[in-house]
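What follows is a single structure, written as structure tokens, with notes after it.
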Amino acid sequence: MAKDVIVALDFSKAEEVFSFLDAFAGEKRKPYVKIGMELFYSQGADMVREIKRRGHSVFLDLKLHDIPNTVKKSMAVLSSLDVDMCNLHAGGGIAMMKAAIEGLTRPDGSRPLLIAVTQLTSTSQEVMTEELWIDRPIDQTVMHYASNAAKAGLDGVVCSPLEAGKVHAVCGDGFLTVTPGIRFADGERGDQVRVTTPAQARELGSDYIVVGRPVTAAQDPVAAYRRCLKDFLGEE
Ligand code: C5P
């Protein structure tokens, strides 16, 4: 099964993106990148096309959540950008997730991977119970949403590497875990609380690690990216 390191392009300006990516121009392996809402909403679809043209795989992290028909049509637009991975909120329900897959599927039968967000890590148990009126414990809710995503035919979920083993036990080994919260042992944590190193994420069974600042804010981003590849994939 494909495993990879995804670099989060958490920039809003095109110049920042290109000066970051230019450093990888001579590299044999171009990083798989994540484009989030900030960059997509500021730069639009042309940014996605340009990054694809430069030879990068793209995870478009827009977390769709709407009625099934709207999600289906929107996913068709994203799929036509030739992205490699998209996502949505599992809270939209199984019908919405199935509609998303239909929308993503291209005329030749291919489609980007589709990954679910279960509960956002910013949602506490207290918020779930008091505000959202979801009475079950948050860890059970997360696993239930993951199994709904698997039932709908999605390819995986975003989760912590610390949850990867449980997700695989509940949803199957082939169900992908896309895991942020990655830090080098000797690096800054920033605002992340539950962190693992790339090597720990590999041992815990993560399929893709999502790494932002440890690479984008490094003095030598190419060296930091290579370090992730070596620790997570065992590549030199
Ligand atoms: O800079 P850092 O490595 O913390 O970036 C992690 C990336 O993963 C960011 O784009 C962040 O929004 C995303 N993410 C996360 N935690 C989640 C879901 C997504 O850090 N639970």
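Lettering and numbering for the structure tokens are positional, with chains as A, B, ... in the shown order, residues counted from 1 in each chain, and ligands counted from 1 in the shown order.
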* **Test item: residues no farther than 7 Å from ligand 1, counting only C-alpha atoms and all ligand atoms, as a ChimeraX atom specification** => /A:8,10,36,120-121,158-159,180-183,192,210-214
* To do: Identify all residues of range 13-181 of chain A in strand (DSSP E) (DSSP on the backbone) and supply them as a count of residues only.
  => 29
* To do: Tell me which protein, DNA and RNA residues are within 12 Å of Thr216 in chain A, counting only C-alpha atoms, leaving out same-chain ones fewer than 6 positions away, and put them as a PyMOL selection string.
  => chain A and resi 6-11+16-21+23-24+31+33-34+210+222-225
Residues near range 130-142 of chain A, cut-off 12 Å, only C-alpha atoms, skip fewer than 6 positions along chain, as a PDB file with C-alpha atoms, in the first residue's frame:
```pdb
ATOM      1  CA  HIS A  89     -16.817  15.835   7.091  1.00  0.00           C
ATOM      2  CA  ALA A  90     -18.171  12.385   7.989  1.00  0.00           C
ATOM      3  CA  GLY A  91     -20.793  14.281  10.025  1.00  0.00           C
ATOM      4  CA  ALA A 116     -13.139  11.715   6.064  1.00  0.00           C
ATOM      5  CA  VAL A 117     -12.682  14.127   8.926  1.00  0.00           C
ATOM      6  CA  THR A 118     -14.393  12.564  11.975  1.00  0.00           C
ATOM      7  CA  GLN A 119     -14.483  15.021  14.875  1.00  0.00           C
ATOM      8  CA  LEU A 120     -12.191  18.032  14.624  1.00  0.00           C
ATOM      9  CA  THR A 121      -9.375  17.878  17.180  1.00  0.00           C
ATOM     10  CA  SER A 122     -10.491  21.330  18.361  1.00  0.00           C
ATOM     11  CA  THR A 123     -13.814  19.815  19.571  1.00  0.00           C
ATOM     12  CA  SER A 124     -13.669  18.774  23.234  1.00  0.00           C
ATOM     13  CA  ASN A 148     -19.574   5.076   8.603  1.00  0.00           C
ATOM     14  CA  ALA A 149     -16.944   6.416   6.212  1.00  0.00           C
ATOM     15  CA  VAL A 157      -9.810   9.145   7.740  1.00  0.00           C
ATOM     16  CA  VAL A 158      -7.714  11.959   9.116  1.00  0.00           C
ATOM     17  CA  CYS A 159      -6.634  11.001  12.653  1.00  0.00           C
ATOM     18  CA  SER A 160      -3.732  11.104  15.062  1.00  0.00           C
ATOM     19  CA  LEU A 162      -1.956   7.476  18.113  1.00  0.00           C
ATOM     20  CA  GLU A 163      -5.373   6.374  16.757  1.00  0.00           C
ATOM     21  CA  ALA A 164      -4.102   4.682  13.583  1.00  0.00           C
ATOM     22  CA  LYS A 166      -7.559   1.424  16.403  1.00  0.00           C
ATOM     23  CA  VAL A 167      -8.864   2.769  13.084  1.00  0.00           C
ATOM     24  CA  VAL A 170     -12.206  -1.204  13.354  1.00  0.00           C
ATOM     25  CA  CYS A 171     -12.179  -0.396   9.617  1.00  0.00           C
TER      26      CYS A 171
END
```
* **Near-Arg106 in chain A list (8 Å; only C-alpha atoms; drop same-chain fewer than 5 positions) as a list of chain:residue names** =>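 With the cut-off at 8 Å, the set is A:Ala76, A:Ser79, A:Ser80, A:Arg111.
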* Asked: What gap, in Å, lies between CA of Lys3 in chain A and CA of Arg54 in chain A?
  ->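 Taking CA of Lys3 in chain A and CA of Arg54 in chain A, their separation equals 20.9 Å.
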* **Spatial neighbours of Val77 in chain A, max dist 9 Å, only C-alpha atoms, sep filter under 5 positions, as a list in words** =>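 Answer for this query is Lys72, Gly103 and Leu104 of chain A.
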* Of the listed residues A:Gly165, A:Gly109, A:Gly172, A:Gly187, that which approaches Ser206 in chain A most closely, counting only C-alpha atoms ->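 The closest residue to Ser206 in chain A is A:Gly165.
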* **Spatial neighbours of Pro68 in chain A, max dist 7 Å, only C-alpha atoms, sep filter under 6 positions, as a PyMOL selection string** => chain A and resi 95-96+99
* To do: From a DSSP calculation on the backbone, collect every residue of range 31-213 of chain A in helix (DSSP H, G or I) and output the set as a VMD selection string.
  => chain A and resid 37 to 43 45 to 53 68 to 80 90 to 92 94 to 104 125 to 131 138 to 152 161 to 171 198 to 204 213
